[in-house]
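> Handing over start_17.cif, mmCIF, C-alpha atoms and all ligand atoms.
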data_run
#
loop_
_atom_site.label_atom_id
_atom_site.label_comp_id
_atom_site.auth_asym_id
_atom_site.auth_seq_id
_atom_site.Cartn_x
_atom_site.Cartn_y
_atom_site.Cartn_z
CA MET I 1 209.04 -98.19 -118.37
CA GLY I 2 208.87 -94.60 -117.07
CA LYS I 3 207.52 -91.87 -119.35
CA ARG I 4 208.40 -88.20 -119.59
CA VAL I 5 205.19 -86.62 -118.36
CA LEU I 6 204.07 -82.99 -118.35
CA ILE I 7 201.31 -81.90 -115.97
CA THR I 8 199.95 -78.40 -116.54
CA GLY I 9 198.40 -77.11 -113.33
CA GLY I 10 200.56 -79.61 -111.43
CA ALA I 11 201.04 -77.21 -108.51
CA GLY I 12 197.31 -77.24 -107.86
CA PHE I 13 194.98 -79.34 -105.74
CA ILE I 14 194.33 -82.27 -108.09
CA GLY I 15 197.56 -81.88 -110.09
CA SER I 16 199.67 -82.29 -106.95
CA ALA I 17 198.00 -85.62 -106.11
CA LEU I 18 198.38 -86.74 -109.73
CA GLY I 19 202.07 -85.73 -109.80
CA ALA I 20 202.78 -87.68 -106.61
CA GLN I 21 201.07 -90.76 -108.05
CA LEU I 22 203.02 -90.61 -111.33
CA VAL I 23 206.36 -89.90 -109.60
CA SER I 24 205.80 -92.91 -107.35
CA ASN I 25 205.24 -95.02 -110.49
CA GLY I 26 208.71 -94.06 -111.76
CA HIS I 27 207.77 -91.46 -114.38
CA GLU I 28 209.85 -88.32 -115.04
CA VAL I 29 207.26 -85.71 -114.11
CA HIS I 30 207.47 -82.05 -115.17
CA VAL I 31 205.06 -79.39 -113.97
CA LEU I 32 204.00 -76.26 -115.86
CA ASP I 33 202.06 -73.83 -113.67
CA ASP I 34 201.94 -70.05 -113.22
CA LEU I 35 201.26 -70.42 -109.47
CA SER I 36 198.21 -68.16 -109.70
CA PHE I 37 196.20 -70.60 -107.59
CA GLY I 38 198.72 -73.40 -107.05
CA ARG I 39 201.71 -73.44 -104.72
CA ARG I 40 205.28 -74.39 -105.63
CA ASN I 41 205.65 -76.73 -102.66
CA LEU I 42 202.65 -78.78 -103.82
CA ALA I 43 204.34 -79.76 -107.11
CA PRO I 44 206.30 -82.91 -106.20
CA VAL I 45 209.18 -82.20 -108.61
CA PRO I 46 212.69 -80.71 -108.37
CA ASP I 47 213.28 -77.12 -109.58
CA GLU I 48 214.64 -78.19 -112.97
CA ARG I 49 211.32 -79.94 -113.66
CA PHE I 50 209.18 -77.03 -112.50
CA HIS I 51 208.31 -74.50 -115.21
CA GLN I 52 206.58 -71.31 -114.07
CA VAL I 53 204.73 -70.41 -117.24
CA ASP I 54 201.33 -68.86 -117.97
CA ILE I 55 199.47 -71.04 -120.49
CA ARG I 56 198.20 -67.84 -122.14
CA ASP I 57 201.80 -67.14 -123.21
CA ARG I 58 201.81 -69.09 -126.48
CA ALA I 59 205.53 -68.68 -127.21
CA ALA I 60 206.60 -69.68 -123.68
CA VAL I 61 204.33 -72.74 -123.71
CA ARG I 62 205.76 -73.77 -127.07
CA THR I 63 209.40 -73.38 -125.94
CA THR I 64 208.78 -75.21 -122.66
CA VAL I 65 207.01 -78.14 -124.32
CA GLU I 66 209.77 -78.39 -126.96
CA ARG I 67 212.41 -78.49 -124.21
CA ILE I 68 210.64 -81.17 -122.16
CA ALA I 69 209.39 -83.20 -125.15
CA PRO I 70 206.77 -84.99 -123.02
CA GLN I 71 205.44 -88.38 -124.10
CA TRP I 72 202.31 -87.89 -122.03
CA THR I 73 200.73 -84.53 -121.26
CA LEU I 74 197.97 -84.04 -118.71
CA HIS I 75 196.39 -80.63 -119.10
CA LEU I 76 194.83 -79.55 -115.81
CA ALA I 77 195.74 -75.84 -115.70
CA ALA I 78 192.54 -73.79 -115.59
CA VAL I 79 190.56 -71.44 -113.43
CA HIS I 80 187.61 -73.31 -112.05
CA PHE I 81 186.15 -71.82 -108.88
CA ILE I 82 182.70 -71.03 -110.24
CA PRO I 83 182.15 -67.71 -108.39
CA TYR I 84 185.61 -66.57 -109.59
CA CYS I 85 184.82 -67.56 -113.21
CA ASN I 86 181.46 -65.76 -113.02
CA ALA I 87 183.19 -62.63 -111.76
CA HIS I 88 186.02 -62.87 -114.32
CA PRO I 89 184.48 -64.36 -117.48
CA ILE I 90 187.05 -62.93 -119.90
CA GLU I 91 189.99 -64.15 -117.85
CA ALA I 92 188.35 -67.57 -117.39
CA SER I 93 187.77 -67.90 -121.14
CA ASP I 94 191.26 -66.72 -121.97
CA ILE I 95 192.90 -69.27 -119.65
CA ASN I 96 190.53 -72.20 -120.14
CA VAL I 97 190.03 -71.84 -123.89
CA CYS I 98 192.99 -69.92 -125.39
CA GLY I 99 195.40 -71.48 -122.88
CA THR I 100 194.16 -74.93 -123.87
CA ILE I 101 194.73 -74.12 -127.55
CA ASN I 102 198.32 -73.15 -126.71
CA VAL I 103 199.00 -76.38 -124.77
CA LEU I 104 197.41 -78.61 -127.42
CA ASP I 105 199.18 -76.87 -130.31
CA ALA I 106 202.55 -77.08 -128.56
CA CYS I 107 202.09 -80.82 -127.87
CA GLY I 108 200.85 -81.47 -131.40
CA ALA I 109 203.95 -79.80 -132.85
CA ILE I 110 206.55 -82.01 -131.16
CA ALA I 111 207.54 -85.50 -132.22
CA GLY I 112 206.92 -88.21 -129.67
CA CYS I 113 203.68 -87.02 -128.05
CA GLU I 114 202.04 -90.38 -127.36
CA GLN I 115 199.04 -89.47 -125.27
CA MET I 116 197.03 -86.44 -124.15
CA PHE I 117 194.75 -86.15 -121.12
CA VAL I 118 192.51 -83.10 -120.74
CA ALA I 119 190.71 -82.22 -117.51
CA SER I 120 187.06 -81.37 -117.94
CA THR I 121 184.25 -81.25 -115.43
CA ALA I 122 180.82 -82.48 -114.46
CA ALA I 123 179.75 -78.86 -115.02
CA VAL I 124 179.45 -79.65 -118.75
CA TYR I 125 176.27 -81.62 -117.96
CA PRO I 126 172.88 -79.95 -117.75
CA ILE I 127 170.74 -80.23 -114.62
CA ALA I 128 169.78 -83.89 -114.14
CA ASP I 129 168.12 -85.71 -111.25
CA ARG I 130 169.87 -89.03 -111.77
CA ALA I 131 173.40 -90.29 -112.36
CA VAL I 132 174.80 -89.11 -115.69
CA ASP I 133 176.97 -91.24 -117.95
CA GLU I 134 179.28 -90.00 -120.69
CA ARG I 135 176.59 -90.32 -123.39
CA HIS I 136 174.33 -87.87 -121.59
CA ASP I 137 173.75 -84.58 -123.43
CA THR I 138 175.98 -81.69 -122.48
CA GLY I 139 174.46 -78.37 -121.43
CA PRO I 140 176.65 -76.28 -119.15
CA MET I 141 174.86 -73.62 -117.12
CA ASP I 142 177.69 -71.28 -116.19
CA ILE I 143 180.69 -69.62 -117.80
CA TYR I 144 183.05 -72.20 -116.28
CA GLY I 145 181.15 -75.14 -117.77
CA ILE I 146 180.98 -73.37 -121.13
CA THR I 147 184.77 -72.87 -121.19
CA LYS I 148 185.28 -76.52 -120.26
CA LEU I 149 182.94 -77.76 -122.96
CA ALA I 150 185.05 -75.68 -125.35
CA THR I 151 188.14 -77.39 -123.86
CA GLU I 152 186.57 -80.77 -124.67
CA ARG I 153 185.77 -79.75 -128.24
CA LEU I 154 189.34 -78.50 -128.70
CA ALA I 155 190.65 -81.82 -127.40
CA GLY I 156 188.46 -83.61 -129.96
CA GLU I 157 189.73 -81.40 -132.75
CA PHE I 158 193.33 -82.03 -131.55
CA GLN I 159 192.81 -85.77 -131.64
CA MET I 160 191.30 -85.70 -135.15
CA ARG I 161 194.07 -83.45 -136.46
CA THR I 162 197.02 -85.29 -134.89
CA GLY I 163 195.77 -88.85 -134.38
CA ILE I 164 197.23 -88.74 -130.85
CA PRO I 165 195.12 -90.79 -128.39
CA THR I 166 193.27 -88.28 -126.20
CA ILE I 167 191.37 -88.82 -122.97
CA ILE I 168 188.88 -86.34 -121.55
CA GLY I 169 188.30 -86.75 -117.81
CA ARG I 170 185.10 -85.18 -116.49
CA PHE I 171 185.97 -84.58 -112.84
CA PHE I 172 183.20 -84.47 -110.26
CA ASN I 173 183.72 -82.77 -106.86
CA ALA I 174 187.25 -83.35 -105.64
CA PHE I 175 188.14 -83.38 -101.96
CA GLY I 176 191.33 -84.16 -100.11
CA PRO I 177 194.48 -82.46 -98.83
CA ASN I 178 196.01 -79.29 -100.31
CA GLU I 179 192.81 -77.66 -101.53
CA THR I 180 193.50 -74.34 -103.24
CA ASN I 181 189.98 -72.95 -103.65
CA PRO I 182 187.37 -72.24 -100.93
CA HIS I 183 185.05 -75.12 -101.80
CA LEU I 184 182.56 -76.60 -99.32
CA ILE I 185 184.72 -79.25 -97.63
CA PRO I 186 187.84 -77.07 -97.05
CA GLU I 187 185.53 -74.31 -95.82
CA ILE I 188 184.00 -76.63 -93.20
CA GLN I 189 187.48 -77.94 -92.40
CA ARG I 190 188.77 -74.36 -91.90
CA GLN I 191 185.87 -73.36 -89.63
CA VAL I 192 186.04 -76.58 -87.55
CA LEU I 193 189.82 -76.40 -87.10
CA ALA I 194 189.44 -72.73 -86.08
CA GLY I 195 187.25 -73.98 -83.23
CA ALA I 196 183.78 -73.16 -84.63
CA ARG I 197 180.95 -75.54 -83.71
CA THR I 198 178.30 -73.44 -85.46
CA LEU I 199 179.16 -73.45 -89.14
CA LYS I 200 178.25 -70.60 -91.47
CA LEU I 201 177.37 -72.17 -94.82
CA GLY I 202 175.42 -71.39 -98.01
CA ASN I 203 172.90 -73.71 -99.71
CA LEU I 204 172.42 -76.88 -97.63
CA ASP I 205 170.43 -79.19 -99.87
CA PRO I 206 172.41 -79.62 -103.09
CA LYS I 207 173.98 -83.06 -103.42
CA ARG I 208 177.41 -83.63 -104.90
CA ASP I 209 179.52 -86.63 -105.85
CA PHE I 210 182.69 -86.19 -103.78
CA ILE I 211 185.76 -88.08 -104.92
CA HIS I 212 189.08 -88.06 -103.06
CA THR I 213 192.07 -86.69 -104.99
CA HIS I 214 194.04 -89.89 -104.31
CA ASP I 215 191.29 -91.87 -106.05
CA MET I 216 191.25 -89.36 -108.92
CA ALA I 217 195.01 -89.71 -109.35
CA ARG I 218 194.68 -93.52 -109.41
CA ALA I 219 191.88 -93.23 -111.98
CA MET I 220 193.96 -91.03 -114.28
CA ASP I 221 196.96 -93.30 -113.86
CA ALA I 222 194.81 -96.31 -114.77
CA LEU I 223 193.41 -94.55 -117.85
CA LEU I 224 196.90 -93.62 -119.06
CA ASN I 225 197.87 -97.28 -118.86
CA ALA I 226 194.71 -98.64 -120.48
CA GLY I 227 196.07 -98.48 -124.05
CA LEU I 228 193.18 -96.29 -125.23
CA LYS I 229 193.05 -95.11 -128.83
CA GLY I 230 191.20 -92.23 -130.48
CA LEU I 231 189.14 -89.89 -128.31
CA GLU I 232 187.58 -91.23 -125.10
CA VAL I 233 185.53 -89.45 -122.44
CA PHE I 234 185.35 -90.70 -118.83
CA ASN I 235 183.47 -89.53 -115.77
CA ILE I 236 185.81 -89.41 -112.79
CA GLY I 237 183.60 -89.45 -109.73
CA ARG I 238 182.61 -91.89 -107.05
CA GLY I 239 179.03 -92.65 -107.96
CA ILE I 240 177.63 -91.61 -104.56
CA GLU I 241 176.14 -88.22 -103.75
CA TYR I 242 176.01 -86.39 -100.42
CA SER I 243 174.12 -83.24 -99.43
CA VAL I 244 175.86 -80.45 -97.55
CA ARG I 245 174.06 -81.62 -94.39
CA GLU I 246 175.41 -85.16 -94.88
CA VAL I 247 178.95 -83.78 -95.29
CA VAL I 248 178.52 -81.90 -92.01
CA GLU I 249 177.31 -85.15 -90.38
CA ALA I 250 180.49 -86.87 -91.58
CA PHE I 251 182.52 -84.09 -89.91
CA GLU I 252 180.47 -84.64 -86.72
CA ARG I 253 181.27 -88.37 -86.77
CA GLN I 254 184.98 -87.78 -87.18
CA LEU I 255 185.05 -84.96 -84.65
CA GLY I 256 182.89 -86.82 -82.14
CA GLU I 257 181.03 -83.55 -81.48
CA PRO I 258 177.76 -82.04 -82.73
CA LEU I 259 177.88 -79.18 -85.22
CA LYS I 260 175.17 -76.59 -85.82
CA ILE I 261 174.58 -74.95 -89.19
CA GLU I 262 173.69 -71.32 -89.73
CA VAL I 263 172.78 -70.30 -93.26
CA ASP I 264 174.87 -67.30 -94.26
CA PRO I 265 172.95 -65.41 -96.99
CA ALA I 266 176.24 -64.07 -98.40
CA ARG I 267 177.27 -67.66 -99.20
CA VAL I 268 174.03 -68.75 -100.84
CA ARG I 269 174.53 -69.21 -104.60
CA LYS I 270 171.60 -67.89 -106.64
CA VAL I 271 171.93 -70.54 -109.35
CA GLU I 272 172.57 -74.00 -107.94
CA ARG I 273 171.86 -77.49 -109.21
CA MET I 274 170.38 -79.92 -106.70
CA HIS I 275 172.21 -83.02 -107.96
CA LEU I 276 175.49 -83.84 -109.63
CA LEU I 277 176.11 -87.57 -109.65
CA ALA I 278 178.47 -89.61 -111.84
CA ASP I 279 177.79 -92.93 -113.46
CA VAL I 280 181.34 -94.32 -113.33
CA SER I 281 180.65 -97.72 -114.86
CA LYS I 282 182.73 -96.92 -117.98
CA LEU I 283 185.79 -96.03 -115.87
CA GLU I 284 185.34 -99.18 -113.77
CA ARG I 285 184.80 -101.42 -116.80
CA VAL I 286 187.76 -100.12 -118.82
CA THR I 287 190.32 -99.89 -116.01
CA GLY I 288 189.09 -102.04 -113.12
CA TRP I 289 189.40 -98.91 -110.93
CA LYS I 290 187.45 -98.81 -107.66
CA ALA I 291 187.35 -95.91 -105.21
CA GLN I 292 189.33 -96.57 -102.01
CA TRP I 293 188.52 -93.38 -100.11
CA ASP I 294 185.06 -92.83 -98.66
CA LEU I 295 183.89 -89.51 -97.27
CA ASP I 296 184.56 -90.38 -93.61
CA LYS I 297 188.10 -91.64 -94.26
CA GLY I 298 188.92 -88.52 -96.29
CA ILE I 299 187.46 -86.16 -93.70
CA ARG I 300 189.33 -87.94 -90.90
CA THR I 301 192.67 -87.12 -92.56
CA LEU I 302 191.56 -83.52 -93.17
CA LEU I 303 190.97 -83.10 -89.44
CA THR I 304 194.25 -84.67 -88.42
CA GLU I 305 196.89 -84.27 -91.13
CA ASP I 306 196.06 -81.46 -93.53
CA VAL I 307 196.73 -77.74 -93.13
CA PRO I 308 193.69 -75.84 -94.44
CA LEU I 309 193.81 -72.88 -96.86
N1 LIG Y 401 188.46 -79.34 -107.85
C1 LIG Y 401 187.38 -79.85 -108.43
O1 LIG Y 401 186.45 -80.29 -107.73
C2 LIG Y 401 187.29 -79.94 -109.93
C3 LIG Y 401 186.10 -80.43 -110.47
C4 LIG Y 401 185.99 -80.52 -111.85
C5 LIG Y 401 187.05 -80.18 -112.66
N2 LIG Y 401 188.20 -79.70 -112.11
C6 LIG Y 401 189.29 -79.37 -113.05
O2 LIG Y 401 190.47 -79.97 -112.58
C7 LIG Y 401 191.62 -79.18 -112.92
C8 LIG Y 401 192.44 -78.94 -111.68
O3 LIG Y 401 191.65 -78.27 -110.71
P1 LIG Y 401 192.11 -78.08 -109.20
O4 LIG Y 401 190.94 -78.35 -108.34
O5 LIG Y 401 193.37 -78.82 -108.95
O6 LIG Y 401 192.34 -76.52 -109.18
P2 LIG Y 401 193.62 -75.67 -108.82
O7 LIG Y 401 193.22 -74.23 -108.95
O8 LIG Y 401 194.22 -76.11 -107.55
O9 LIG Y 401 194.60 -76.10 -110.00
C9 LIG Y 401 194.71 -75.42 -111.21
C10 LIG Y 401 196.16 -75.07 -111.39
O10 LIG Y 401 196.28 -74.37 -112.63
C11 LIG Y 401 197.15 -73.28 -112.44
N3 LIG Y 401 196.81 -72.23 -113.40
C12 LIG Y 401 195.70 -71.45 -113.41
N4 LIG Y 401 195.79 -70.56 -114.42
C13 LIG Y 401 196.97 -70.82 -115.06
C14 LIG Y 401 197.62 -70.23 -116.18
N5 LIG Y 401 197.10 -69.17 -116.83
N6 LIG Y 401 198.81 -70.74 -116.57
C15 LIG Y 401 199.36 -71.78 -115.91
N7 LIG Y 401 198.81 -72.37 -114.83
C16 LIG Y 401 197.61 -71.88 -114.43
C17 LIG Y 401 196.92 -72.82 -111.01
O11 LIG Y 401 198.03 -72.10 -110.47
C18 LIG Y 401 196.69 -74.15 -110.29
O12 LIG Y 401 197.89 -74.68 -109.78
C19 LIG Y 401 191.07 -77.92 -113.57
O13 LIG Y 401 191.16 -78.08 -114.97
C20 LIG Y 401 189.61 -77.89 -113.14
O14 LIG Y 401 188.81 -77.23 -114.09
C21 LIG Y 401 188.34 -79.57 -110.77
#
I'd like the structure from this file rewritten - as structure tokens, please.
Ligand SMILES: NC(=O)c1ccc[n+]([C@@H]2O[C@H](COP(=O)([O-])OP(=O)(O)OC[C@H]3O[C@@H](n4cnc5c(N)ncnc54)[C@H](O)[C@@H]3O)[C@@H](O)[C@H]2O)c1


Amino acid sequence: MGKRVLITGGAGFIGSALGAQLVSNGHEVHVLDDLSFGRRNLAPVPDERFHQVDIRDRAAVRTTVERIAPQWTLHLAAVHFIPYCNAHPIEASDINVCGTINVLDACGAIAGCEQMFVASTAAVYPIADRAVDERHDTGPMDIYGITKLATERLAGEFQMRTGIPTIIGRFFNAFGPNETNPHLIPEIQRQVLAGARTLKLGNLDPKRDFIHTHDMARAMDALLNAGLKGLEVFNIGRGIEYSVREVVEAFERQLGEPLKIEVDPARVRKVERMHLLADVSKLERVTGWKAQWDLDKGIRTLLTEDVPL
């Protein structure tokens, strides 16, 4: 039976994939997004289900949530590009923390809110040189991770106060179509599609756990249907890590041409962790979810079907 679902940030990169997945499952999907980073055409909903609202506007969030009366809410709206958050710490805190309070309070105040999902991040973990599971200590090392750890704590407080089942998804590095921020993979995609065969990149050695947005959407869908109670935290990653060099090699395989790398000092991040790898056994055990998109398959579609930033 279809649910009335609200996705905040549903005009963004991950939210658009999630919306498409939930629409295809027969749910009535509404999107709340201020379009600061997202794009209207990415939200797979008709105009009457698209609500252009800033989550910092407490009254507008309240009115919109009352009007929609969602049974499930998935709160993805946030600013998350780490260099942007570092440059705008007050704005990042205001959106990621105060905005989250507004969304949670509005959902807690309506009758019929059955389930809450809150997007968090692998950036809440401290530096680790092995796969991290959900019981690992938290220890964010940048303003973004700090705001997201606050988001998690607020979700926990919401669940205790309201009793509404609440899922926290710690997303690892998303890749796929419709990227909205200049992360590594869309940056390589942009340079390659512009004809470059010598890529200008920053740090080459850090390894990341790249998960395709279609797989993330399937994971969230599976979690929403798992009948979870209380507060549950899940890593949403793939459980495999690749260095920047290995990502470039995957582009070479799909392109059938060699690529050279030139380190661009302007792109080198001063503070960088060398590993970020998810242990996804809890997600697999609880939902039966398995990733379907490997790096090469995802990159192939980026070179043939997607329009870069
Ligand atoms: N992309 C990743 O690799 C990644 C990794 C870990 C966690 N996340 C988390 O996943 C969620 C979605 O990220 P994404 O990659 O799709 O990013 P995104 O920037 O494409 O999506 C975020 C959406 O939120 C909207 N938004 C931002 N500020 C808003 C505000 N004040 N009011 C209303 N809407 C606002 C933006 O317009 C955008 O559409 C975020 O919570 C992010 O922290 C993403």

> Which residues sit within 7 Å of ligand LIG 401 (chain Y), counting all atoms listed in the file, listed as a PyMOL selection string?

chain I and resi 8-15+32-39+53-56+76-80+95+99+119-122+170-175+179-181

> For those residues, write C-alpha atoms to a file as a compact mmCIF listing (two decimals), keeping the file's coordinate frame.


# COMPACT_ATOMS: atom_id res chain seq x y z
CA THR I 8 199.95 -78.40 -116.54
CA GLY I 9 198.40 -77.11 -113.33
CA GLY I 10 200.56 -79.61 -111.43
CA ALA I 11 201.04 -77.21 -108.51
CA GLY I 12 197.31 -77.24 -107.86
CA PHE I 13 194.98 -79.34 -105.74
CA ILE I 14 194.33 -82.27 -108.09
CA GLY I 15 197.56 -81.88 -110.09
CA LEU I 32 204.00 -76.26 -115.86
CA ASP I 33 202.06 -73.83 -113.67
CA ASP I 34 201.94 -70.05 -113.22
CA LEU I 35 201.26 -70.42 -109.47
CA SER I 36 198.21 -68.16 -109.70
CA PHE I 37 196.20 -70.60 -107.59
CA GLY I 38 198.72 -73.40 -107.05
CA ARG I 39 201.71 -73.44 -104.72
CA VAL I 53 204.73 -70.41 -117.24
CA ASP I 54 201.33 -68.86 -117.97
CA ILE I 55 199.47 -71.04 -120.49
CA ARG I 56 198.20 -67.84 -122.14
CA LEU I 76 194.83 -79.55 -115.81
CA ALA I 77 195.74 -75.84 -115.70
CA ALA I 78 192.54 -73.79 -115.59
CA VAL I 79 190.56 -71.44 -113.43
CA HIS I 80 187.61 -73.31 -112.05
CA ILE I 95 192.90 -69.27 -119.65
CA GLY I 99 195.40 -71.48 -122.88
CA ALA I 119 190.71 -82.22 -117.51
CA SER I 120 187.06 -81.37 -117.94
CA THR I 121 184.25 -81.25 -115.43
CA ALA I 122 180.82 -82.48 -114.46
CA ARG I 170 185.10 -85.18 -116.49
CA PHE I 171 185.97 -84.58 -112.84
CA PHE I 172 183.20 -84.47 -110.26
CA ASN I 173 183.72 -82.77 -106.86
CA ALA I 174 187.25 -83.35 -105.64
CA PHE I 175 188.14 -83.38 -101.96
CA GLU I 179 192.81 -77.66 -101.53
CA THR I 180 193.50 -74.34 -103.24
CA ASN I 181 189.98 -72.95 -103.65

> If we count all atoms listed in the file, what is near Phe210 in chain I at a cut-off of 12 Å, once residues fewer than 3 positions away on the same chain are taken out, given as a PyMOL selection string?

chain I and resi 122+171-176+183-185+207+213-216+236-244+246-247+275-278+291+293-296+298-299

> Would you mind exporting the chosen residues as a PDB file, in the coordinates of the input, restricted to C-alpha atoms?


ATOM      1  CA  ALA I 122     180.820 -82.480-114.460  1.00  0.00           C
ATOM      2  CA  PHE I 171     185.970 -84.580-112.840  1.00  0.00           C
ATOM      3  CA  PHE I 172     183.200 -84.470-110.260  1.00  0.00           C
ATOM      4  CA  ASN I 173     183.720 -82.770-106.860  1.00  0.00           C
ATOM      5  CA  ALA I 174     187.250 -83.350-105.640  1.00  0.00           C
ATOM      6  CA  PHE I 175     188.140 -83.380-101.960  1.00  0.00           C
ATOM      7  CA  GLY I 176     191.330 -84.160-100.110  1.00  0.00           C
ATOM      8  CA  HIS I 183     185.050 -75.120-101.800  1.00  0.00           C
ATOM      9  CA  LEU I 184     182.560 -76.600 -99.320  1.00  0.00           C
ATOM     10  CA  ILE I 185     184.720 -79.250 -97.630  1.00  0.00           C
ATOM     11  CA  LYS I 207     173.980 -83.060-103.420  1.00  0.00           C
ATOM     12  CA  THR I 213     192.070 -86.690-104.990  1.00  0.00           C
ATOM     13  CA  HIS I 214     194.040 -89.890-104.310  1.00  0.00           C
ATOM     14  CA  ASP I 215     191.290 -91.870-106.050  1.00  0.00           C
ATOM     15  CA  MET I 216     191.250 -89.360-108.920  1.00  0.00           C
ATOM     16  CA  ILE I 236     185.810 -89.410-112.790  1.00  0.00           C
ATOM     17  CA  GLY I 237     183.600 -89.450-109.730  1.00  0.00           C
ATOM     18  CA  ARG I 238     182.610 -91.890-107.050  1.00  0.00           C
ATOM     19  CA  GLY I 239     179.030 -92.650-107.960  1.00  0.00           C
ATOM     20  CA  ILE I 240     177.630 -91.610-104.560  1.00  0.00           C
ATOM     21  CA  GLU I 241     176.140 -88.220-103.750  1.00  0.00           C
ATOM     22  CA  TYR I 242     176.010 -86.390-100.420  1.00  0.00           C
ATOM     23  CA  SER I 243     174.120 -83.240 -99.430  1.00  0.00           C
ATOM     24  CA  VAL I 244     175.860 -80.450 -97.550  1.00  0.00           C
ATOM     25  CA  GLU I 246     175.410 -85.160 -94.880  1.00  0.00           C
ATOM     26  CA  VAL I 247     178.950 -83.780 -95.290  1.00  0.00           C
ATOM     27  CA  HIS I 275     172.210 -83.020-107.960  1.00  0.00           C
ATOM     28  CA  LEU I 276     175.490 -83.840-109.630  1.00  0.00           C
ATOM     29  CA  LEU I 277     176.110 -87.570-109.650  1.00  0.00           C
ATOM     30  CA  ALA I 278     178.470 -89.610-111.840  1.00  0.00           C
ATOM     31  CA  ALA I 291     187.350 -95.910-105.210  1.00  0.00           C
ATOM     32  CA  TRP I 293     188.520 -93.380-100.110  1.00  0.00           C
ATOM     33  CA  ASP I 294     185.060 -92.830 -98.660  1.00  0.00           C
ATOM     34  CA  LEU I 295     183.890 -89.510 -97.270  1.00  0.00           C
ATOM     35  CA  ASP I 296     184.560 -90.380 -93.610  1.00  0.00           C
ATOM     36  CA  GLY I 298     188.920 -88.520 -96.290  1.00  0.00           C
ATOM     37  CA  ILE I 299     187.460 -86.160 -93.700  1.00  0.00           C
TER      38      ILE I 299
END

> As a PyMOL selection string, please: the residues near Thr151 in chain I (cut-off 7 Å, all atoms listed in the file, same-chain neighbours under 5 positions excluded).

chain I and resi 96-97+100

> How far is it from CA of Ala59 in chain I to CA of Asp94 in chain I, in Å with one decimal?

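We find that CA of Ala59 in chain I and CA of Asp94 in chain I lie 15.3 Å from each other.
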
> Which residue gives the smallest distance to Glu284 in chain I among I:Val45, I:Met160, I:Val29, I:Met220, with only C-alpha atoms counted?

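That would be I:Met220, the residue with the smallest distance to Glu284 in chain I.
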
> Do you have the CA of Gly230 in chain I-CA of Glu66 in chain I distance handy?

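Interatomic distance, CA of Gly230 in chain I to CA of Glu66 in chain I: 23.4 Å.
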
> Please indicate the distance in Å from CA of Val233 in chain I to CA of Pro165 in chain I, rounded to one decimal place.

11.4 Å

> Counting all atoms listed in the file, figure out which residue out of I:Thr147, I:Asn25, I:Thr166, I:Gln159 gets nearest to Val118 in chain I.

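Between I:Thr147, I:Asn25, I:Thr166, I:Gln159, the residue approaching Val118 in chain I most closely is I:Thr166.
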
> Would you list the contacts of range 131-143 of chain I as a list in words, taking every protein, DNA or RNA residue within 7 Å and counting only C-alpha atoms, but skipping same-chain residues closer than 6 positions in sequence?

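Near neighbours after the sequence-gap exclusion: Cys85, Asn86, Pro89, Ala123, Val124, Tyr125, Val233, Phe234, Asn235, Leu277, Ala278 and Asp279 of chain I.
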
> Of the residues I:Arg130, I:Arg67, I:Arg153, I:His88, which is the one nearest to Leu104 in chain I, using only C-alpha atoms?

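Closest residue, counting only C-alpha atoms: I:Arg153.
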
> Can you work out which one of I:Ala250, I:Leu199, I:Met274, I:Leu283 has the shortest atom-to-atom distance to Leu228 in chain I, counting only C-alpha atoms?

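The answer is I:Leu283, which sits nearest to Leu228 in chain I.
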
> Do a neighbour search on Ala266 in chain I at 8 Å with only C-alpha atoms, toss out local chain neighbours closer than 2 positions, and write the hits as a list in words.

Gly202, Asp264 and Val268 of chain I

> Neighbouring residues of Glu252 in chain I were defined as those with any atom within 12 Å, considering all atoms listed in the file; residues of the same chain fewer than 3 positions away were excluded. Please report them as a ChimeraX atom specification.

/I:188-189,192,197-199,245-249,255-261,296,299-300,303

> Can you sort out the box for range 9-15 of chain I, edges along x, y and z, all listed atoms in, 8 Å on every side, with centre and edge lengths in Å to one decimal, as JSON?


{"center_x": 197.7, "center_y": -79.7, "center_z": -109.5, "size_x": 22.7, "size_y": 21.2, "size_z": 23.6}

> Counting only C-alpha atoms, which of I:Ala219, I:Leu302, I:Ala226, I:Cys98 gets nearest to Gln254 in chain I?

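The closest residue to Gln254 in chain I is I:Leu302.
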
> So which one's closest to Thr63 in chain I, I:Ile82, I:Ile90, I:His75, I:Ala106? Using only C-alpha atoms, please.

I:Ala106

> Reconstruct N, CA and C atoms of range 263-268 of chain I; output as a short mmCIF file (atom, residue, chain, number, x, y, z; two decimals), keeping the file's coordinate frame.


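Writing done, so here's selection-v8.cif:
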data_model
loop_
_atom_site.label_atom_id
_atom_site.label_comp_id
_atom_site.auth_asym_id
_atom_site.auth_seq_id
_atom_site.Cartn_x
_atom_site.Cartn_y
_atom_site.Cartn_z
N VAL I 263 172.69 -70.67 -91.85
CA VAL I 263 172.78 -70.30 -93.26
C VAL I 263 173.22 -68.84 -93.36
N ASP I 264 174.32 -68.63 -94.07
CA ASP I 264 174.87 -67.30 -94.26
C ASP I 264 174.42 -66.80 -95.64
N PRO I 265 173.50 -65.83 -95.69
CA PRO I 265 172.95 -65.41 -96.99
C PRO I 265 174.04 -65.01 -97.98
N ALA I 266 175.16 -64.50 -97.50
CA ALA I 266 176.24 -64.07 -98.40
C ALA I 266 176.84 -65.27 -99.14
N ARG I 267 176.67 -66.47 -98.56
CA ARG I 267 177.27 -67.66 -99.20
C ARG I 267 176.28 -68.41 -100.07
N VAL I 268 175.04 -68.01 -100.07
CA VAL I 268 174.03 -68.75 -100.84
C VAL I 268 174.19 -68.41 -102.32
#
